[in-house]
>>> print(open('query.txt').read())   # compact mmCIF, C-alpha atoms
# COMPACT_ATOMS: atom_id res chain seq x y z
CA MET A 1 -32.85 -0.16 6.57
CA LYS A 2 -29.64 -0.24 4.57
CA THR A 3 -29.15 -2.21 1.40
CA ILE A 4 -26.20 -4.59 1.69
CA PRO A 5 -24.74 -5.07 -1.82
CA GLU A 6 -24.09 -8.67 -2.80
CA LEU A 7 -20.45 -9.67 -3.26
CA SER A 8 -18.87 -12.67 -4.99
CA PHE A 9 -17.69 -14.57 -1.94
CA SER A 10 -17.45 -17.89 -3.75
CA LYS A 11 -14.25 -17.17 -5.71
CA LEU A 12 -12.11 -17.50 -2.58
CA GLY A 13 -14.21 -19.93 -0.61
CA GLY A 14 -16.33 -17.42 1.31
CA ILE A 15 -14.08 -14.38 1.62
CA VAL A 16 -13.23 -11.32 -0.48
CA PRO A 17 -10.07 -9.21 -0.35
CA VAL A 18 -10.40 -5.74 1.16
CA VAL A 19 -8.19 -2.70 0.65
CA THR A 20 -8.28 -0.17 3.49
CA VAL A 21 -7.23 3.43 2.89
CA ASP A 22 -6.74 6.31 5.32
CA ASP A 23 -9.48 8.70 4.25
CA ASP A 24 -7.52 11.81 5.23
CA SER A 25 -4.14 11.00 3.65
CA GLY A 26 -5.24 8.53 0.96
CA GLU A 27 -2.51 6.15 2.12
CA VAL A 28 -3.17 2.42 1.78
CA LEU A 29 -3.15 1.14 5.37
CA MET A 30 -3.67 -2.59 4.94
CA GLN A 31 -5.09 -5.42 2.93
CA ALA A 32 -7.27 -8.02 4.60
CA PHE A 33 -10.33 -10.19 3.96
CA MET A 34 -14.03 -10.17 4.82
CA ASP A 35 -16.53 -12.95 4.99
CA ARG A 36 -20.23 -12.19 4.59
CA GLU A 37 -20.73 -11.46 8.29
CA ALA A 38 -17.78 -9.05 8.39
CA TRP A 39 -19.16 -7.29 5.31
CA GLN A 40 -22.61 -6.93 6.86
CA ARG A 41 -21.29 -5.74 10.22
CA THR A 42 -18.91 -3.25 8.61
CA LEU A 43 -21.79 -1.67 6.69
CA THR A 44 -24.36 -1.72 9.48
CA GLU A 45 -22.04 -0.63 12.31
CA GLY A 46 -19.73 1.69 10.35
CA ILE A 47 -16.69 0.06 11.99
CA ALA A 48 -14.31 -2.14 9.98
CA HIS A 49 -14.63 -5.87 10.57
CA TYR A 50 -12.54 -8.47 8.80
CA TYR A 51 -12.20 -12.22 8.65
CA SER A 52 -9.09 -13.67 10.23
CA ARG A 53 -7.79 -16.56 8.16
CA SER A 54 -5.35 -17.65 10.86
CA ARG A 55 -8.04 -17.73 13.56
CA SER A 56 -10.94 -18.66 11.23
CA LYS A 57 -13.28 -16.07 12.70
CA ILE A 58 -14.58 -12.56 12.34
CA TRP A 59 -12.28 -9.88 13.65
CA LYS A 60 -13.20 -6.36 14.73
CA LYS A 61 -10.10 -4.34 13.95
CA GLY A 62 -8.90 -2.57 17.11
CA GLU A 63 -10.98 -4.58 19.55
CA THR A 64 -7.95 -5.09 21.82
CA SER A 65 -5.88 -2.01 21.06
CA GLY A 66 -8.68 0.52 20.63
CA ARG A 67 -7.31 1.32 17.19
CA ILE A 68 -10.63 0.82 15.46
CA GLN A 69 -11.37 2.00 11.94
CA ARG A 70 -14.38 4.29 11.45
CA VAL A 71 -15.71 3.73 7.96
CA ARG A 72 -16.33 6.85 5.92
CA GLU A 73 -16.83 5.44 2.43
CA VAL A 74 -17.13 1.98 0.94
CA PHE A 75 -16.53 1.01 -2.68
CA VAL A 76 -17.15 -2.25 -4.54
CA ASP A 77 -15.05 -3.14 -7.56
CA CYS A 78 -16.24 -3.80 -11.12
CA ASP A 79 -16.97 -7.49 -10.64
CA ALA A 80 -18.01 -7.27 -6.99
CA ASP A 81 -15.25 -9.48 -5.68
CA SER A 82 -13.19 -6.84 -3.89
CA VAL A 83 -13.93 -4.01 -1.45
CA LEU A 84 -12.27 -0.66 -0.77
CA LEU A 85 -12.81 1.03 2.60
CA ARG A 86 -11.93 4.65 3.29
CA VAL A 87 -11.60 4.97 7.05
CA PHE A 88 -10.60 7.17 9.93
CA GLN A 89 -7.92 5.18 11.72
CA GLU A 90 -8.13 5.68 15.49
CA GLY A 91 -4.65 5.97 16.99
CA GLY A 92 -3.06 6.67 13.60
CA ALA A 93 -1.47 3.26 13.11
CA ALA A 94 -3.19 0.34 11.39
CA CYS A 95 -0.37 -2.20 11.50
CA HIS A 96 0.08 -4.61 14.40
CA THR A 97 3.81 -3.78 14.25
CA GLY A 98 3.06 -0.18 15.26
CA PHE A 99 3.57 1.31 11.81
CA ARG A 100 0.91 3.51 10.25
CA SER A 101 0.59 1.22 7.24
CA CYS A 102 1.19 -2.50 6.89
CA PHE A 103 2.94 -1.62 3.61
CA HIS A 104 5.95 0.05 5.26
CA ARG A 105 8.57 -2.10 3.53
CA ARG A 106 9.69 -1.06 0.07
CA VAL A 107 11.27 -3.42 -2.41
CA THR A 108 14.73 -2.28 -3.51
CA ASP A 109 17.27 -4.00 -5.74
CA SER A 110 19.04 -5.33 -2.66
CA GLY A 111 16.00 -6.37 -0.58
CA LEU A 112 13.35 -4.78 1.64
CA GLU A 113 13.81 -1.30 3.09
CA THR A 114 11.66 -0.20 6.05
CA LEU A 115 10.24 3.30 5.68
CA GLY A 116 9.18 5.54 8.58
CA GLU A 117 8.95 4.55 12.23
CA ALA A 118 6.55 2.69 14.46
CA LEU A 119 4.00 4.93 16.18
CA PHE A 120 3.56 2.58 19.14
CA ASP A 121 5.33 -0.34 20.78
CA PRO A 122 3.30 -3.46 20.02
CA ALA A 123 4.68 -5.26 23.08
CA LYS A 124 3.04 -2.64 25.30
CA VAL A 125 -0.27 -2.84 23.49
CA TYR A 126 -0.67 -6.54 22.93
CA GLY A 127 1.83 -8.06 25.34
CA SER A 128 3.60 -9.66 22.40
CA GLU A 129 4.61 -8.45 19.02
CA ASP A 130 2.12 -10.60 17.23
CA GLY A 131 -0.96 -9.25 18.97
CA ASP A 132 -4.52 -10.09 18.15
CA GLU A 133 -4.67 -7.39 15.53
CA HIS A 134 -2.70 -9.68 13.31
CA GLU A 135 -4.67 -11.15 10.48
CA MET B 136 20.91 -8.95 -10.31
CA LYS B 137 17.84 -7.94 -8.33
CA THR B 138 16.77 -9.60 -5.11
CA ILE B 139 13.21 -10.96 -5.36
CA PRO B 140 11.70 -10.87 -1.84
CA GLU B 141 9.98 -14.08 -0.78
CA LEU B 142 6.21 -13.88 -0.31
CA SER B 143 3.77 -16.20 1.48
CA PHE B 144 2.06 -17.71 -1.53
CA SER B 145 0.81 -20.75 0.36
CA LYS B 146 -2.01 -19.03 2.29
CA LEU B 147 -4.15 -18.73 -0.84
CA GLY B 148 -2.92 -21.75 -2.75
CA GLY B 149 -0.15 -20.08 -4.71
CA ILE B 150 -1.33 -16.50 -5.10
CA VAL B 151 -1.18 -13.28 -3.09
CA PRO B 152 -3.53 -10.28 -3.28
CA VAL B 153 -2.14 -7.13 -4.86
CA VAL B 154 -3.31 -3.54 -4.43
CA THR B 155 -2.44 -1.24 -7.33
CA VAL B 156 -2.32 2.52 -6.81
CA ASP B 157 -1.91 5.36 -9.32
CA ASP B 158 1.45 6.80 -8.30
CA ASP B 159 0.54 10.34 -9.36
CA SER B 160 -2.91 10.66 -7.78
CA GLY B 161 -2.63 8.04 -5.02
CA GLU B 162 -5.97 6.60 -6.13
CA VAL B 163 -6.50 2.86 -5.70
CA LEU B 164 -6.92 1.56 -9.25
CA MET B 165 -7.58 -2.12 -8.74
CA GLN B 166 -7.10 -5.22 -6.64
CA ALA B 167 -5.84 -8.40 -8.26
CA PHE B 168 -3.60 -11.41 -7.56
CA MET B 169 -0.08 -12.55 -8.42
CA ASP B 170 1.44 -15.98 -8.51
CA ARG B 171 5.20 -16.39 -8.12
CA GLU B 172 5.89 -15.94 -11.81
CA ALA B 173 3.83 -12.73 -12.00
CA TRP B 174 5.69 -11.41 -8.94
CA GLN B 175 9.07 -12.17 -10.50
CA ARG B 176 8.18 -10.72 -13.89
CA THR B 177 6.70 -7.57 -12.34
CA LEU B 178 9.93 -6.92 -10.45
CA THR B 179 12.34 -7.84 -13.21
CA GLU B 180 10.47 -6.15 -16.09
CA GLY B 181 8.99 -3.19 -14.18
CA ILE B 182 5.60 -3.82 -15.81
CA ALA B 183 2.66 -5.12 -13.74
CA HIS B 184 1.81 -8.79 -14.25
CA TYR B 185 -0.99 -10.58 -12.42
CA TYR B 186 -2.47 -14.02 -12.19
CA SER B 187 -5.89 -14.47 -13.76
CA ARG B 188 -8.02 -16.75 -11.61
CA SER B 189 -10.68 -17.09 -14.30
CA ARG B 190 -8.18 -18.06 -16.99
CA SER B 191 -5.69 -19.79 -14.63
CA LYS B 192 -2.68 -18.10 -16.15
CA ILE B 193 -0.35 -15.16 -15.86
CA TRP B 194 -1.70 -11.93 -17.24
CA LYS B 195 0.27 -8.90 -18.39
CA LYS B 196 -2.04 -6.01 -17.68
CA GLY B 197 -2.66 -4.01 -20.87
CA GLU B 198 -1.31 -6.63 -23.25
CA THR B 199 -4.35 -6.23 -25.52
CA SER B 200 -5.35 -2.65 -24.85
CA GLY B 201 -1.91 -1.10 -24.47
CA ARG B 202 -2.95 0.17 -21.04
CA ILE B 203 0.06 -1.30 -19.30
CA GLN B 204 1.14 -0.32 -15.81
CA ARG B 205 4.71 0.93 -15.38
CA VAL B 206 5.80 0.06 -11.87
CA ARG B 207 7.38 2.89 -9.90
CA GLU B 208 7.44 1.47 -6.37
CA VAL B 209 6.64 -1.87 -4.80
CA PHE B 210 5.79 -2.53 -1.15
CA VAL B 211 5.36 -5.77 0.78
CA ASP B 212 3.12 -5.90 3.82
CA CYS B 213 4.05 -6.81 7.39
CA ASP B 214 3.58 -10.55 7.00
CA ALA B 215 4.64 -10.74 3.34
CA ASP B 216 1.32 -12.03 2.09
CA SER B 217 0.18 -8.92 0.22
CA VAL B 218 1.75 -6.51 -2.28
CA LEU B 219 1.21 -2.83 -3.04
CA LEU B 220 2.24 -1.48 -6.45
CA ARG B 221 2.53 2.21 -7.23
CA VAL B 222 2.29 2.53 -11.01
CA PHE B 223 2.03 4.87 -13.94
CA GLN B 224 -1.16 3.77 -15.69
CA GLU B 225 -0.82 4.08 -19.47
CA GLY B 226 -4.06 5.40 -20.99
CA GLY B 227 -5.33 6.64 -17.64
CA ALA B 228 -7.88 3.90 -17.05
CA ALA B 229 -7.15 0.64 -15.25
CA CYS B 230 -10.62 -0.91 -15.32
CA HIS B 231 -11.82 -3.11 -18.16
CA THR B 232 -15.11 -1.17 -18.03
CA GLY B 233 -13.28 1.99 -19.13
CA PHE B 234 -13.28 3.65 -15.72
CA ARG B 235 -10.07 4.97 -14.22
CA SER B 236 -10.46 2.76 -11.15
CA CYS B 237 -12.17 -0.59 -10.71
CA PHE B 238 -13.56 0.87 -7.46
CA HIS B 239 -15.91 3.35 -9.15
CA ARG B 240 -19.06 2.16 -7.39
CA ARG B 241 -19.79 3.57 -3.96
CA VAL B 242 -22.02 1.87 -1.43
CA THR B 243 -24.95 4.07 -0.37
CA ASP B 244 -27.89 3.28 1.89
CA SER B 245 -29.99 2.48 -1.17
CA GLY B 246 -27.44 0.52 -3.21
CA LEU B 247 -24.42 1.14 -5.46
CA GLU B 248 -23.81 4.56 -7.00
CA THR B 249 -21.43 4.86 -9.97
CA LEU B 250 -19.00 7.77 -9.69
CA GLY B 251 -17.31 9.49 -12.62
CA GLU B 252 -17.40 8.40 -16.23
CA ALA B 253 -15.70 5.83 -18.40
CA LEU B 254 -12.59 7.13 -20.19
CA PHE B 255 -12.91 4.69 -23.08
CA ASP B 256 -15.49 2.43 -24.65
CA PRO B 257 -14.54 -1.16 -23.81
CA ALA B 258 -16.42 -2.51 -26.84
CA LYS B 259 -14.06 -0.60 -29.11
CA VAL B 260 -10.96 -1.76 -27.28
CA TYR B 261 -11.72 -5.40 -26.64
CA GLY B 262 -14.58 -6.13 -29.04
CA SER B 263 -16.74 -7.00 -26.04
CA GLU B 264 -17.32 -5.41 -22.69
CA ASP B 265 -15.60 -8.18 -20.83
CA GLY B 266 -12.28 -7.93 -22.62
CA ASP B 267 -9.14 -9.79 -21.72
CA GLU B 268 -8.18 -7.19 -19.18
CA HIS B 269 -10.74 -8.72 -16.91
CA GLU B 270 -9.32 -10.65 -14.03
>>> encode(input="query.txt", output="structure tokens")
Amino acid sequence: MKTIPELSFSKLGGIVPVVTVDDDSGEVLMQAFMDREAWQRTLTEGIAHYYSRSRSKIWKKGETSGRIQRVREVFVDCDADSVLLRVFQEGGAACHTGFRSCFHRRVTDSGLETLGEALFDPAKVYGSEDGDEHE
Amino acid sequence: MKTIPELSFSKLGGIVPVVTVDDDSGEVLMQAFMDREAWQRTLTEGIAHYYSRSRSKIWKKGETSGRIQRVREVFVDCDADSVLLRVFQEGGAACHTGFRSCFHRRVTDSGLETLGEALFDPAKVYGSEDGDEHE
């Protein structure tokens, strides 16, 4: 039976921020949150689960689209209030907009610049751009 | 004059989570938060500023230790409620414990395993292990 390390969920009212990295490229794919159940299921099932603030419930990433995240390594930060996941991203793209990373917009002196291209059309995957992958 | 992109500060009561990456190695160094002032100062000064939840005030990373973070690139996520900084980390170590990354503890089946070694002795830098670098 696996040991589930204790995290400081109380600082943000029951959730902790999570950073998710593509284990092959090292690229930061997304930032999301976990509640205690998402943390336990991520560790026991080896598939990333998060907590959706907008829907107030646990969220298995890729449940609709098939773009699940297979967890390869998990790290806990120095004061146990933040988590880093290194994952294999099924389908290549983590973002509900179709981009590989949610962080595809760079800040420039004149505003935001979009880098790269979408790998899929979210309207075809979710039926609307917003999709249920959206945190 | 630079354009400061608008972020969704309201979801977490005035702060947004920030992921900070070493621009040379790509390693995730830390996860912290920014309020609006920290966001503005980070962009205008090019030095990472955060918001300390424990001290309820803005926090210039490295102000005591000299281990400041020089910002090379800034990204905003798909729904503008999270920030990614790519930085040059002065002194090599971002964590107040002396480790390069705050995420130096890996989850194993039997508990947390510490990877690597501290690059400095926090007691000598801050006078106590906790230091003022601690979020």
>>> residues_around(input="query.txt", residues="Leu85 in chain A", least_positions_apart="5", cutoff="9 Å", atoms="only C-alpha atoms", output="count of residues only")
13
>>> atom_distance(input="query.txt", atom1="CA of Ile58 in chain A", atom2="CA of Ala32 in chain A")
11.6 Å
>>> interface_residues(input="query.txt", of="chain A", to="chain B", cutoff="10 Å", atoms="all atoms listed in the file", output="ChimeraX atom specification")
/A:1-6,11-12,17-21,25-33,43-44,53-54,73-85,95-97,99,101-114,134-135
>>> residues_around(input="query.txt", residues="Gln204 in chain B", least_positions_apart="6", cutoff="8 Å", atoms="all atoms listed in the file", output="list of chain:residue names")
B:Ile182, B:Ala183, B:Lys196, B:Gly197, B:Val222, B:Phe223, B:Gln224, B:Glu225
>>> atom_distance(input="query.txt", atom1="CA of Gly251 in chain B", atom2="CA of Ile15 in chain A")
28.0 Å
>>> build_atoms(input="query.txt", residues="range 176-200 of chain B", atoms="N, CA and C atoms", output="PDB file, in the coordinates of the input")
ATOM      1  N   ARG B 176       8.158 -11.497 -12.642  1.00  0.00           N
ATOM      2  CA  ARG B 176       8.180 -10.720 -13.890  1.00  0.00           C
ATOM      3  C   ARG B 176       7.884  -9.251 -13.629  1.00  0.00           C
ATOM      4  N   THR B 177       6.993  -8.968 -12.683  1.00  0.00           N
ATOM      5  CA  THR B 177       6.700  -7.570 -12.340  1.00  0.00           C
ATOM      6  C   THR B 177       7.968  -6.878 -11.847  1.00  0.00           C
ATOM      7  N   LEU B 178       8.721  -7.549 -10.997  1.00  0.00           N
ATOM      8  CA  LEU B 178       9.930  -6.920 -10.450  1.00  0.00           C
ATOM      9  C   LEU B 178      11.058  -6.840 -11.484  1.00  0.00           C
ATOM     10  N   THR B 179      11.211  -7.861 -12.278  1.00  0.00           N
ATOM     11  CA  THR B 179      12.340  -7.840 -13.210  1.00  0.00           C
ATOM     12  C   THR B 179      12.054  -6.969 -14.437  1.00  0.00           C
ATOM     13  N   GLU B 180      10.791  -6.920 -14.880  1.00  0.00           N
ATOM     14  CA  GLU B 180      10.470  -6.150 -16.090  1.00  0.00           C
ATOM     15  C   GLU B 180       9.973  -4.742 -15.778  1.00  0.00           C
ATOM     16  N   GLY B 181       9.501  -4.518 -14.530  1.00  0.00           N
ATOM     17  CA  GLY B 181       8.990  -3.190 -14.180  1.00  0.00           C
ATOM     18  C   GLY B 181       7.632  -2.886 -14.786  1.00  0.00           C
ATOM     19  N   ILE B 182       6.949  -3.921 -15.235  1.00  0.00           N
ATOM     20  CA  ILE B 182       5.600  -3.820 -15.810  1.00  0.00           C
ATOM     21  C   ILE B 182       4.708  -4.780 -15.016  1.00  0.00           C
ATOM     22  N   ALA B 183       3.518  -4.305 -14.609  1.00  0.00           N
ATOM     23  CA  ALA B 183       2.660  -5.120 -13.740  1.00  0.00           C
ATOM     24  C   ALA B 183       2.156  -6.373 -14.464  1.00  0.00           C
ATOM     25  N   HIS B 184       2.368  -7.506 -13.816  1.00  0.00           N
ATOM     26  CA  HIS B 184       1.810  -8.790 -14.250  1.00  0.00           C
ATOM     27  C   HIS B 184       0.969  -9.335 -13.090  1.00  0.00           C
ATOM     28  N   TYR B 185      -0.116  -9.995 -13.433  1.00  0.00           N
ATOM     29  CA  TYR B 185      -0.990 -10.580 -12.420  1.00  0.00           C
ATOM     30  C   TYR B 185      -1.261 -12.038 -12.775  1.00  0.00           C
ATOM     31  N   TYR B 186      -2.030 -12.665 -11.902  1.00  0.00           N
ATOM     32  CA  TYR B 186      -2.470 -14.020 -12.190  1.00  0.00           C
ATOM     33  C   TYR B 186      -3.976 -13.994 -12.356  1.00  0.00           C
ATOM     34  N   SER B 187      -4.457 -14.430 -13.507  1.00  0.00           N
ATOM     35  CA  SER B 187      -5.890 -14.470 -13.760  1.00  0.00           C
ATOM     36  C   SER B 187      -6.485 -15.740 -13.177  1.00  0.00           C
ATOM     37  N   ARG B 188      -7.369 -15.573 -12.186  1.00  0.00           N
ATOM     38  CA  ARG B 188      -8.020 -16.750 -11.610  1.00  0.00           C
ATOM     39  C   ARG B 188      -8.989 -17.374 -12.596  1.00  0.00           C
ATOM     40  N   SER B 189      -9.678 -16.536 -13.390  1.00  0.00           N
ATOM     41  CA  SER B 189     -10.680 -17.090 -14.300  1.00  0.00           C
ATOM     42  C   SER B 189     -10.027 -17.845 -15.451  1.00  0.00           C
ATOM     43  N   ARG B 190      -8.837 -17.398 -15.867  1.00  0.00           N
ATOM     44  CA  ARG B 190      -8.180 -18.060 -16.990  1.00  0.00           C
ATOM     45  C   ARG B 190      -7.020 -18.956 -16.533  1.00  0.00           C
ATOM     46  N   SER B 191      -6.752 -18.943 -15.217  1.00  0.00           N
ATOM     47  CA  SER B 191      -5.690 -19.790 -14.630  1.00  0.00           C
ATOM     48  C   SER B 191      -4.346 -19.600 -15.322  1.00  0.00           C
ATOM     49  N   LYS B 192      -4.001 -18.339 -15.566  1.00  0.00           N
ATOM     50  CA  LYS B 192      -2.680 -18.100 -16.150  1.00  0.00           C
ATOM     51  C   LYS B 192      -2.213 -16.684 -15.860  1.00  0.00           C
ATOM     52  N   ILE B 193      -0.921 -16.472 -16.072  1.00  0.00           N
ATOM     53  CA  ILE B 193      -0.350 -15.160 -15.860  1.00  0.00           C
ATOM     54  C   ILE B 193      -0.925 -14.186 -16.874  1.00  0.00           C
ATOM     55  N   TRP B 194      -0.964 -12.922 -16.480  1.00  0.00           N
ATOM     56  CA  TRP B 194      -1.700 -11.930 -17.240  1.00  0.00           C
ATOM     57  C   TRP B 194      -0.914 -10.626 -17.176  1.00  0.00           C
ATOM     58  N   LYS B 195      -0.419 -10.203 -18.327  1.00  0.00           N
ATOM     59  CA  LYS B 195       0.270  -8.900 -18.390  1.00  0.00           C
ATOM     60  C   LYS B 195      -0.791  -7.842 -18.608  1.00  0.00           C
ATOM     61  N   LYS B 196      -1.003  -7.045 -17.603  1.00  0.00           N
ATOM     62  CA  LYS B 196      -2.040  -6.010 -17.680  1.00  0.00           C
ATOM     63  C   LYS B 196      -1.784  -5.097 -18.873  1.00  0.00           C
ATOM     64  N   GLY B 197      -2.790  -4.909 -19.736  1.00  0.00           N
ATOM     65  CA  GLY B 197      -2.660  -4.010 -20.870  1.00  0.00           C
ATOM     66  C   GLY B 197      -2.086  -4.660 -22.114  1.00  0.00           C
ATOM     67  N   GLU B 198      -1.914  -5.963 -22.097  1.00  0.00           N
ATOM     68  CA  GLU B 198      -1.310  -6.630 -23.250  1.00  0.00           C
ATOM     69  C   GLU B 198      -2.145  -6.419 -24.519  1.00  0.00           C
ATOM     70  N   THR B 199      -3.476  -6.449 -24.368  1.00  0.00           N
ATOM     71  CA  THR B 199      -4.350  -6.230 -25.520  1.00  0.00           C
ATOM     72  C   THR B 199      -4.600  -4.747 -25.772  1.00  0.00           C
ATOM     73  N   SER B 200      -4.897  -4.032 -24.710  1.00  0.00           N
ATOM     74  CA  SER B 200      -5.350  -2.650 -24.850  1.00  0.00           C
ATOM     75  C   SER B 200      -4.214  -1.639 -24.945  1.00  0.00           C
TER      76      SER B 200
END
